[in-house]
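> My file is start.txt. It has compact mmCIF, C-alpha atoms:
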```txt
# COMPACT_ATOMS: atom_id res chain seq x y z
CA MET A 121 -7.56 -0.98 3.88
CA ARG A 122 -8.58 -3.06 0.89
CA ARG A 123 -7.34 -2.41 -2.62
CA PRO A 124 -10.06 -2.60 -5.24
CA ALA A 125 -8.91 -4.14 -8.52
CA ILE A 126 -10.48 -1.22 -10.42
CA ASP A 127 -7.83 1.20 -9.03
CA ARG A 128 -5.23 0.66 -11.74
CA PRO A 129 -7.36 0.77 -14.91
CA ALA A 130 -9.46 3.65 -13.58
CA ALA A 131 -6.36 5.64 -12.58
CA ALA A 132 -4.89 5.06 -16.06
CA VAL A 133 -8.09 6.21 -17.81
CA LEU A 134 -8.44 9.28 -15.58
CA GLY A 135 -4.77 10.10 -16.13
CA LEU A 136 -5.24 10.00 -19.92
CA LEU A 137 -8.36 12.20 -19.66
CA LEU A 138 -6.52 14.75 -17.51
CA LEU A 139 -3.59 14.81 -19.94
CA ALA A 140 -6.03 15.34 -22.82
CA ALA A 141 -7.59 18.29 -20.95
CA ALA A 142 -4.13 19.74 -20.32
CA ALA A 143 -3.27 19.34 -24.03
CA ALA A 144 -6.50 21.16 -24.96
CA VAL A 145 -5.59 24.11 -22.71
CA LEU A 146 -2.07 24.11 -24.19
CA ASP A 147 -3.51 24.28 -27.71
CA TRP A 148 -5.85 27.06 -26.64
CA ARG A 149 -2.94 29.12 -25.34
CA PHE A 150 -0.32 28.54 -28.04
CA ASP A 151 -2.51 27.58 -31.00
CA LEU A 152 -0.31 24.63 -31.92
CA ALA A 153 -2.74 22.36 -33.73
CA GLY A 154 -5.34 24.99 -34.50
CA ILE A 155 -8.22 22.95 -33.05
CA TRP A 156 -9.40 25.90 -31.01
CA THR A 157 -9.78 28.24 -33.99
CA ARG A 158 -11.88 25.63 -35.83
CA LEU A 159 -14.09 24.94 -32.78
CA ASP A 160 -17.63 26.22 -33.31
CA THR A 161 -18.81 27.28 -29.86
CA ALA A 162 -22.31 28.01 -31.12
CA GLN A 163 -22.93 24.29 -31.72
CA VAL A 164 -21.66 23.44 -28.23
CA ARG A 165 -23.94 26.06 -26.70
CA ASP A 166 -26.92 24.75 -28.68
CA VAL A 167 -26.40 21.25 -27.26
CA VAL A 168 -25.92 22.50 -23.70
CA ASP A 169 -28.97 24.73 -23.86
CA ALA A 170 -31.19 21.98 -25.28
CA ASP A 171 -34.00 20.75 -23.05
CA TRP A 172 -32.86 17.14 -22.95
CA PHE A 173 -29.33 18.09 -21.87
CA ALA A 174 -30.42 19.11 -18.35
CA TRP A 175 -31.96 15.68 -17.75
CA ALA A 176 -28.98 13.92 -19.29
CA ALA A 177 -26.66 15.92 -17.03
CA LEU A 178 -28.74 15.01 -14.00
CA GLY A 179 -28.65 11.32 -14.91
CA ALA A 180 -24.90 11.42 -15.53
CA ALA A 181 -24.40 13.23 -12.21
CA VAL A 182 -26.28 10.51 -10.32
CA VAL A 183 -24.40 7.69 -12.05
CA LEU A 184 -21.00 9.34 -11.53
CA ALA A 185 -21.75 10.10 -7.86
CA VAL A 186 -22.80 6.51 -7.19
CA LEU A 187 -19.69 5.18 -8.96
CA ALA A 188 -17.39 7.55 -7.05
CA LEU A 189 -18.96 6.69 -3.69
CA TRP A 190 -18.72 2.96 -4.41
CA TRP A 191 -15.09 3.42 -5.42
CA LEU A 192 -14.35 5.24 -2.14
CA LEU A 193 -16.26 2.81 0.06
CA ALA A 194 -14.74 -0.27 -1.62
CA ARG A 195 -11.46 0.48 0.14
CA LEU A 196 -12.84 0.47 3.66
CA PRO A 197 -11.78 -2.68 5.50
CA ARG A 198 -14.50 -5.26 5.88
CA PRO A 199 -14.47 -7.11 9.21
CA ALA A 200 -14.16 -10.87 8.94
CA GLU A 201 -16.99 -12.96 10.29
CA GLY A 202 -16.60 -14.07 13.89
CA ARG A 203 -16.99 -17.77 13.16
CA VAL A 204 -16.03 -20.37 10.62
CA ALA A 205 -17.90 -23.51 9.62
CA LEU A 206 -15.98 -26.69 10.31
CA SER A 207 -16.16 -29.19 7.51
CA SER A 208 -17.95 -32.30 8.69
CA THR A 209 -19.04 -35.45 6.99
CA GLY A 210 -22.44 -35.75 8.64
CA SER A 211 -25.52 -33.64 8.06
CA ASP A 212 -24.74 -31.46 11.07
CA ARG A 213 -23.08 -28.12 10.67
CA ILE A 214 -20.67 -26.91 13.29
CA ASP A 215 -19.77 -23.23 13.49
CA LEU A 216 -16.77 -22.37 15.61
CA ASP A 217 -16.27 -18.96 17.20
CA VAL A 218 -12.76 -17.95 16.16
CA ARG A 219 -12.57 -14.49 17.69
CA SER A 220 -10.45 -15.73 20.57
CA VAL A 221 -7.90 -17.48 18.34
CA ALA A 222 -5.97 -14.38 17.27
CA PRO A 223 -5.29 -12.97 20.80
CA ARG A 224 -4.16 -16.42 21.90
CA LEU A 225 -1.75 -16.78 18.97
CA ARG A 226 -0.49 -13.26 19.62
CA ALA A 227 0.33 -14.12 23.23
CA ASP A 228 1.95 -17.40 22.14
CA LEU A 229 4.18 -15.67 19.62
CA ASP A 230 5.26 -13.01 22.12
CA ARG A 231 6.18 -15.78 24.56
CA VAL A 232 8.07 -18.21 22.32
CA ALA A 233 9.78 -15.90 19.80
CA PRO A 234 12.25 -13.04 20.30
CA VAL A 235 9.72 -10.45 19.17
CA ASP A 236 7.52 -7.88 20.83
CA ARG A 237 4.38 -5.81 20.25
CA THR A 238 2.57 -8.31 18.11
CA ALA A 239 -0.60 -7.15 16.40
CA SER A 240 -3.09 -9.43 14.69
CA ARG A 241 -5.59 -9.11 11.88
CA ARG A 242 -8.15 -11.64 10.76
CA THR A 243 -9.27 -11.51 7.15
CA ALA A 244 -11.53 -13.70 5.08
CA VAL A 245 -9.75 -15.51 2.25
CA ARG A 246 -11.03 -18.09 -0.14
CA GLY A 247 -11.75 -21.27 1.77
CA GLY A 248 -11.46 -19.89 5.30
CA GLN A 249 -9.80 -17.14 7.25
CA LEU A 250 -6.24 -15.92 7.54
CA ILE A 251 -4.80 -14.65 10.81
CA GLU A 252 -1.92 -12.32 10.10
CA LEU A 253 0.38 -11.73 13.07
CA ARG A 254 2.51 -8.64 12.57
CA THR A 255 5.34 -8.19 15.00
CA HIS A 256 8.61 -6.37 15.65
CA VAL A 257 11.87 -8.24 15.92
CA ASP A 258 14.20 -7.96 18.89
CA PRO A 259 17.63 -7.17 17.38
CA ARG A 260 19.18 -9.86 19.57
CA ALA A 261 17.04 -12.53 17.89
CA ASP A 262 18.42 -15.29 15.71
CA GLY A 263 16.87 -16.77 12.61
CA GLU A 264 16.63 -20.27 14.00
CA SER A 265 14.40 -19.26 16.93
CA LEU A 266 12.11 -17.22 14.68
CA VAL A 267 11.69 -20.12 12.27
CA ASN A 268 11.10 -22.57 15.09
CA ALA A 269 8.51 -20.32 16.75
CA ALA A 270 6.67 -19.87 13.44
CA ALA A 271 6.72 -23.60 12.83
CA GLY A 272 5.36 -24.27 16.32
CA ILE A 273 2.50 -21.82 15.91
CA ALA A 274 1.66 -23.11 12.45
CA ALA A 275 1.66 -26.65 13.81
CA SER A 276 -0.66 -25.76 16.68
CA VAL A 277 -3.11 -24.10 14.29
CA ARG A 278 -2.94 -27.08 11.95
CA THR A 279 -3.68 -29.41 14.84
CA ALA A 280 -6.72 -27.37 15.83
CA PHE A 281 -7.98 -26.90 12.25
CA PRO A 282 -6.80 -29.95 10.29
CA ASP A 283 -8.91 -29.02 7.26
CA GLY A 284 -7.31 -25.59 6.99
CA GLU A 285 -10.27 -23.38 7.88
CA ILE A 286 -7.83 -21.09 9.69
CA ALA A 287 -4.34 -20.32 8.44
CA VAL A 288 -1.73 -18.25 10.22
CA ARG A 289 0.92 -16.03 8.70
CA ILE A 290 3.66 -14.23 10.62
CA LEU A 291 5.20 -10.98 9.36
CA VAL A 292 8.29 -9.81 11.21
CA ASP A 293 9.10 -6.12 10.86
CA GLY A 294 12.16 -4.20 11.99
CA PRO A 295 12.65 -3.31 15.63
CA LYS A 296 10.21 -0.83 17.10
CA ARG A 297 12.75 1.48 18.66
CA PRO A 298 16.00 1.17 16.78
CA GLY A 299 19.08 1.87 18.80
CA ARG A 300 17.48 1.86 22.22
CA ARG A 301 18.44 -1.01 24.47
CA ARG A 302 15.92 -2.48 26.80
CA THR A 303 18.47 -3.78 29.27
CA PRO A 304 18.51 -1.40 32.21
CA ARG A 305 21.78 0.33 32.69
CA VAL A 306 23.24 0.35 36.21
CA HIS A 307 25.59 3.19 37.07
CA MET B 53 -5.58 -22.10 0.71
CA LYS B 54 -3.53 -20.10 -1.78
CA LEU B 55 -2.39 -16.78 -0.34
CA ARG B 56 -0.84 -13.77 -1.98
CA ASP B 57 2.61 -12.64 -0.88
CA PRO B 58 2.61 -9.71 1.54
CA ARG B 59 3.10 -6.50 -0.38
CA ARG B 60 3.26 -2.78 0.19
CA GLY B 61 0.27 -0.72 -0.79
CA PRO B 62 0.22 -0.12 -4.55
CA ALA B 63 1.14 3.34 -5.82
CA ALA B 64 -2.31 3.63 -7.43
CA ALA B 65 -4.11 3.81 -4.06
CA TRP B 66 -3.86 7.59 -3.59
CA PRO B 67 -4.66 8.46 -7.21
CA ALA B 68 -7.71 6.22 -6.83
CA VAL B 69 -8.98 8.21 -3.82
CA LEU B 70 -8.27 11.50 -5.61
CA GLY B 71 -9.90 10.20 -8.79
CA ALA B 72 -13.06 9.30 -6.89
CA LEU B 73 -13.16 12.83 -5.43
CA LEU B 74 -12.65 14.32 -8.92
CA LEU B 75 -15.55 12.22 -10.19
CA LEU B 76 -17.70 13.49 -7.31
CA ALA B 77 -16.77 17.09 -8.16
CA PHE B 78 -17.68 16.54 -11.82
CA ALA B 79 -20.99 14.98 -10.77
CA ALA B 80 -21.69 18.06 -8.61
CA LEU B 81 -20.96 20.33 -11.62
CA LEU B 82 -23.40 18.39 -13.82
CA ALA B 83 -26.06 18.34 -11.09
CA GLN B 84 -25.70 22.11 -10.60
CA HIS B 85 -26.17 22.63 -14.33
CA ALA B 86 -29.31 20.49 -14.32
CA ALA B 87 -30.69 22.38 -11.30
CA ALA B 88 -29.97 25.76 -12.92
CA ALA B 89 -31.49 24.71 -16.25
CA ARG B 90 -34.68 23.42 -14.61
CA GLY B 91 -34.97 26.54 -12.48
CA TRP B 92 -34.53 24.74 -9.15
CA THR B 93 -31.85 27.22 -8.15
CA ALA B 94 -31.53 30.94 -8.86
CA ASN B 95 -27.79 30.75 -9.60
CA ALA B 96 -26.53 30.66 -13.15
CA SER B 97 -25.15 27.35 -14.42
CA TRP B 98 -21.43 26.97 -13.71
CA LEU B 99 -21.08 24.73 -16.74
CA GLY B 100 -22.68 27.46 -18.90
CA GLU B 101 -20.26 30.07 -17.55
CA ALA B 102 -17.30 27.81 -18.24
CA LEU B 103 -18.48 27.20 -21.81
CA ALA B 104 -19.02 30.93 -22.35
CA ALA B 105 -15.33 31.41 -21.52
CA LEU B 106 -14.45 29.20 -24.53
CA ASP B 107 -15.13 32.18 -26.81
CA ASP B 108 -12.08 34.02 -25.44
CA ARG B 109 -9.05 34.26 -27.74
CA ARG B 110 -6.68 33.32 -24.93
CA PRO B 111 -7.37 31.17 -21.87
CA SER B 112 -7.66 33.00 -18.55
CA ALA B 113 -5.09 32.56 -15.80
CA TRP B 114 -7.51 30.19 -14.06
CA ALA B 115 -7.80 27.99 -17.13
CA LEU B 116 -4.00 27.90 -17.48
CA ALA B 117 -3.56 26.96 -13.82
CA GLY B 118 -6.19 24.25 -14.22
CA GLY B 119 -4.42 22.94 -17.30
CA ALA B 120 -1.08 22.78 -15.52
CA ALA B 121 -2.68 20.97 -12.56
CA ALA B 122 -4.39 18.54 -14.95
CA ALA B 123 -1.07 17.80 -16.66
CA LEU B 124 0.71 17.08 -13.37
CA LEU B 125 -2.17 14.99 -11.96
CA GLY B 126 -2.54 13.10 -15.23
CA LEU B 127 1.14 12.20 -15.32
CA TRP B 128 1.04 11.07 -11.69
CA PHE B 129 -2.10 8.95 -12.27
CA LEU B 130 -0.63 7.35 -15.37
CA ILE B 131 2.71 6.51 -13.76
CA ALA B 132 1.12 5.22 -10.55
CA ALA B 133 -1.26 3.00 -12.52
CA PHE B 134 1.64 1.02 -13.94
CA LEU B 135 3.92 0.80 -10.88
CA PRO B 136 3.76 -2.67 -9.35
CA ALA B 137 3.11 -3.14 -5.62
CA ARG B 138 6.49 -4.17 -4.25
CA ARG B 139 7.05 -7.12 -1.95
CA SER B 140 7.40 -5.91 1.62
CA HIS B 141 8.85 -9.05 3.24
CA LEU B 142 11.15 -11.95 2.34
CA HIS B 143 9.89 -15.48 2.77
CA ALA B 144 11.78 -17.53 5.36
CA ASP B 145 12.36 -21.25 5.07
CA GLY B 146 10.56 -23.70 7.29
CA PRO B 147 7.08 -25.13 7.64
CA GLY B 148 5.55 -21.96 9.12
CA ASP B 149 4.31 -19.15 6.90
CA LEU B 150 7.01 -16.74 8.11
CA TRP B 151 7.95 -13.50 6.34
CA ILE B 152 10.79 -11.21 7.42
CA ALA B 153 11.09 -7.52 6.58
CA PRO B 154 14.46 -6.33 5.26
CA ALA B 155 14.64 -3.89 8.20
CA ALA B 156 14.44 -6.82 10.65
CA ILE B 157 17.29 -8.67 8.90
CA GLU B 158 19.38 -5.48 8.88
CA ALA B 159 18.85 -4.94 12.62
CA VAL B 160 19.67 -8.55 13.53
CA ALA B 161 22.75 -8.60 11.27
CA ALA B 162 24.03 -5.31 12.71
CA ASP B 163 23.59 -6.63 16.25
CA ALA B 164 25.39 -9.89 15.36
CA ALA B 165 28.26 -8.02 13.71
CA GLU B 166 28.69 -5.71 16.67
CA ARG B 167 29.16 -8.72 18.90
CA ALA B 168 32.14 -9.95 16.88
CA PRO B 169 35.46 -9.09 18.56
CA GLY B 170 37.05 -5.85 17.44
CA VAL B 171 33.94 -4.30 15.89
CA LEU B 172 33.12 -0.79 17.08
CA HIS B 173 30.01 -0.20 15.04
CA ALA B 174 28.06 -2.07 12.37
CA ALA B 175 25.07 -1.43 10.14
CA GLY B 176 23.23 -3.69 7.72
CA GLU B 177 21.83 -2.83 4.32
CA MET B 178 19.49 -5.11 2.36
CA ARG B 179 19.05 -5.04 -1.40
CA ARG B 180 16.77 -7.82 -2.60
CA ARG B 181 18.42 -10.97 -1.23
CA ARG B 182 21.82 -9.33 -0.75
CA LEU B 183 22.88 -8.20 2.69
CA ARG B 184 25.82 -5.88 3.06
CA VAL B 185 27.24 -5.31 6.52
CA LYS B 186 29.25 -2.14 6.97
CA ALA B 187 31.52 -2.37 9.97
CA LEU B 188 33.90 -0.01 11.71
CA LEU B 189 36.78 -2.00 13.19
CA ALA B 190 38.96 -1.13 16.14
CA PRO B 191 42.60 -0.44 15.15
CA GLY B 192 44.57 -3.64 14.70
CA HIS B 193 41.57 -5.91 14.12
CA GLU B 194 41.80 -6.43 10.34
CA ALA B 195 41.00 -10.12 10.76
CA ALA B 196 37.56 -9.35 12.19
CA VAL B 197 35.87 -9.61 8.78
CA ALA B 198 35.86 -13.41 8.94
CA ASP B 199 34.44 -13.25 12.47
CA ILE B 200 31.69 -10.89 11.28
CA LEU B 201 30.76 -13.19 8.40
CA GLU B 202 30.65 -16.17 10.72
CA SER B 203 28.66 -14.36 13.39
CA VAL B 204 26.10 -12.92 10.95
CA GLY B 205 25.78 -16.22 9.10
CA ALA B 206 25.16 -18.13 12.32
CA ARG B 207 22.57 -15.61 13.49
CA LEU B 208 20.63 -15.53 10.24
CA GLY B 209 20.81 -19.28 9.64
CA GLY B 210 17.41 -20.72 8.81
CA LEU B 211 16.00 -17.57 7.28
CA GLY B 212 16.78 -18.75 3.77
CA GLU B 213 19.34 -17.99 1.10
CA LEU B 214 21.04 -14.68 1.77
CA GLU B 215 24.16 -13.33 0.12
CA VAL B 216 26.19 -11.67 2.87
CA SER B 217 29.06 -9.32 2.17
CA VAL B 218 31.10 -7.28 4.64
CA GLN B 219 32.56 -3.87 4.06
CA ALA B 220 34.99 -3.05 6.84
CA LYS B 221 36.80 0.13 7.68
CA GLU B 222 39.47 0.49 10.30
CA GLY B 223 38.85 3.25 12.81
CA ALA B 224 41.43 5.96 13.26
CA ARG B 225 43.86 5.48 16.06
```
For the structure just supplied, provide its representation as structure tokens.

Amino acid sequence: MRRPAIDRPAAAVLGLLLLAAAAAVLDWRFDLAGIWTRLDTAQVRDVVDADWFAWAALGAAVVLAVLALWWLLARLPRPAEGRVALSSTGSDRIDLDVRSVAPRLRADLDRVAPVDRTASRRTAVRGGQLIELRTHVDPRADGESLVNAAAGIAASVRTAFPDGEIAVRILVDGPKRPGRRRTPRVH
Amino acid sequence: MKLRDPRRGPAAAWPAVLGALLLLAFAALLAQHAAAARGWTANASWLGEALAALDDRRPSAWALAGGAAAALLGLWFLIAAFLPARRSHLHADGPGDLWIAPAAIEAVAADAAERAPGVLHAAGEMRRRRLRVKALLAPGHEAAVADILESVGARLGGLGELEVSVQAKEGAR
């Protein structure tokens, strides 16, 4: 799920508009500011019944619908490209298929660190791609082994991609099943 | 490569989805008015009917309900627009790009504390970079607090600066 930058300003503007509508209804009901008694509905009806208003409404409807659909679709995740271009000094261009990197790193992390159920996500960032490994800690883990495992994986990625086309980030979440021990109990 | 810190989803995400749907509904209202005015549909214009209701002295129950809903939604939108997306993980020291969730630190600390002698039960609680371990001690083990601190500190070593405090309670005999 991506987060479009327009979310915040648009939510603020819509919130203000909704509050203004609520204030108008409040004034209508309790006649606080007296705007409603001064409102000339005949003028409003004249504008709405005018010939040009139908076309203007149609145009506004199309523009608003396109904006709303774009706003909805902008938050769908966009899959990262399957390959990255290695930087080279010559005139040749080398594209490397990186789809197999994430499963390999996932297996590595599960093997060397006290974690389980690692998931991975590859996203495009400026200047390359980021592989985010998201995993669950084993409560019996210690900080040292987690740090060492992360350092080892980062080092292996840096060896494979010295120019930083691929970066790896490890997020460790809480245990998957809190309170349940995996050691079998023998009665 | 400069990367952003991992964060929770911002509070404005749901209002944004709802706002897009509201925009779509408003677009449908305008399009229906245009269709009714041009004679493409036999129905009367909904916008025209709504404007005709403006002549009433008092708003109808529907208009009042709509106003109340608009007030609540507007407040929610406005508050959510200004709430920052909170950090979801703490950065750990070391050369790797490692981030630990507070829940993970709590679980590891609780496990470490429970392994100290004389501890019956332990639970961790993280607040920013402060970890508080609540422990239930077996009777006659008042000195276990130092053991807990040592055990938790050794277990979490390497994860970065953490302020650890222990709150111990002696179990009833």
> Enclose the full set of atoms of region 216-230 of chain A listed in the file within a box whose edges lie along x, y and z, apply 6 Å of padding to each of the six sides, and report centre and edge lengths in Å to one decimal as JSON.

```
{"center_x": -5.8, "center_y": -17.7, "center_z": 19.4, "size_x": 34.0, "size_y": 21.4, "size_z": 19.6}
```
> B:Ala79, B:Arg139, B:Ala117, B:Ala187: which is nearest chain A, counting all atoms listed in the file?
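When distances to chain A are compared using all atoms listed in the file, the smallest one comes from B:Ala79.
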> Could you state the separation of CA of Asp215 (chain A) and CA of Ile273 (chain A) in Å, given to one decimal place?
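Atom-to-atom, CA of Asp215 (chain A) and CA of Ile273 (chain A) are spaced 22.4 Å apart.
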> Can I get the residues of chain A within 6 Å of chain B, each with the closest pair of atoms and their distance in Å to one decimal, using only C-alpha atoms, sorted chain first then ascending number, as a Markdown table?

```
| residue | atom | partner | partner_atom | distance |
| --- | --- | --- | --- | --- |
| A:Asp127 | CA | B:Ala68 | CA | 5.5 |
| A:Arg128 | CA | B:Ala133 | CA | 4.7 |
| A:Ala131 | CA | B:Phe129 | CA | 5.4 |
| A:Ala132 | CA | B:Leu130 | CA | 4.9 |
| A:Gly135 | CA | B:Gly126 | CA | 3.8 |
| A:Leu138 | CA | B:Gly126 | CA | 4.9 |
| A:Leu139 | CA | B:Ala123 | CA | 5.1 |
| A:Ala142 | CA | B:Gly119 | CA | 4.4 |
| A:Val145 | CA | B:Gly119 | CA | 5.7 |
| A:Arg149 | CA | B:Arg110 | CA | 5.6 |
| A:Ala174 | CA | B:Ala86 | CA | 4.4 |
| A:Ala177 | CA | B:Leu82 | CA | 5.2 |
| A:Leu178 | CA | B:Ala83 | CA | 5.2 |
| A:Ala181 | CA | B:Ala79 | CA | 4.1 |
| A:Leu184 | CA | B:Ala79 | CA | 5.7 |
| A:Ala185 | CA | B:Leu76 | CA | 5.3 |
| A:Ala188 | CA | B:Ala72 | CA | 4.7 |
| A:Pro259 | CA | B:Val160 | CA | 4.6 |
| A:Asp262 | CA | B:Arg207 | CA | 4.7 |
| A:Gly263 | CA | B:Leu208 | CA | 4.6 |
| A:Glu264 | CA | B:Gly210 | CA | 5.3 |
| A:Ala270 | CA | B:Gly148 | CA | 4.9 |
| A:Ala271 | CA | B:Gly148 | CA | 4.2 |
| A:Ala274 | CA | B:Gly148 | CA | 5.2 |
| A:Arg289 | CA | B:Asp149 | CA | 4.9 |
| A:Ile290 | CA | B:Leu150 | CA | 4.9 |
| A:Leu291 | CA | B:Trp151 | CA | 4.8 |
| A:Val292 | CA | B:Ile152 | CA | 4.8 |
| A:Asp293 | CA | B:Ala153 | CA | 4.9 |
| A:Gly294 | CA | B:Ala156 | CA | 3.7 |
```
> Can you measure CA of Glu252 (chain A) to CA of Ser207 (chain A) for me? One decimal in Å is fine.
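If I compute the distance from CA of Glu252 (chain A) to CA of Ser207 (chain A), I get 22.2 Å.
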> For CA of Gly192 (chain B) and CA of Leu214 (chain B), determine how far apart the two atoms are, in Å to one decimal place.
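Atom-to-atom, CA of Gly192 (chain B) and CA of Leu214 (chain B) are spaced 29.0 Å apart.
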> Hey, what's within 9 Å of region 227-243 of chain A if we count all atoms listed in the file and toss same-chain stuff fewer than 5 positions away? As a VMD selection string, please?
chain A and resid 198 to 201 219 222 248 to 262 265 to 270 272 to 273 292 295 to 296
> Please provide as a PyMOL selection string all residues within 9 Å of Leu172 (chain B), with the sequence filter that same-chain residues fewer than 5 positions apart are discarded (counting only C-alpha atoms).
chain B and resi 166+187-190+223
> Please, could you write that set of residues out with C-alpha atoms as a JSON list (two decimals), in the frame of the given file?

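Full text of part_11.json as output:
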```json
[["chain", "number", "residue", "atom", "x", "y", "z"],
["B", 166, "GLU", "CA", 28.69, -5.71, 16.67],
["B", 187, "ALA", "CA", 31.52, -2.37, 9.97],
["B", 188, "LEU", "CA", 33.90, -0.01, 11.71],
["B", 189, "LEU", "CA", 36.78, -2.00, 13.19],
["B", 190, "ALA", "CA", 38.96, -1.13, 16.14],
["B", 223, "GLY", "CA", 38.85, 3.25, 12.81]]
```
> Using all atoms listed in the file, pick whichever of A:Leu152, A:Val245, A:Ala162, A:Leu136 has the shortest atom-to-atom distance to Val288 (chain A).
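Of the candidates, the smallest distance to Val288 (chain A) is held by A:Val245.
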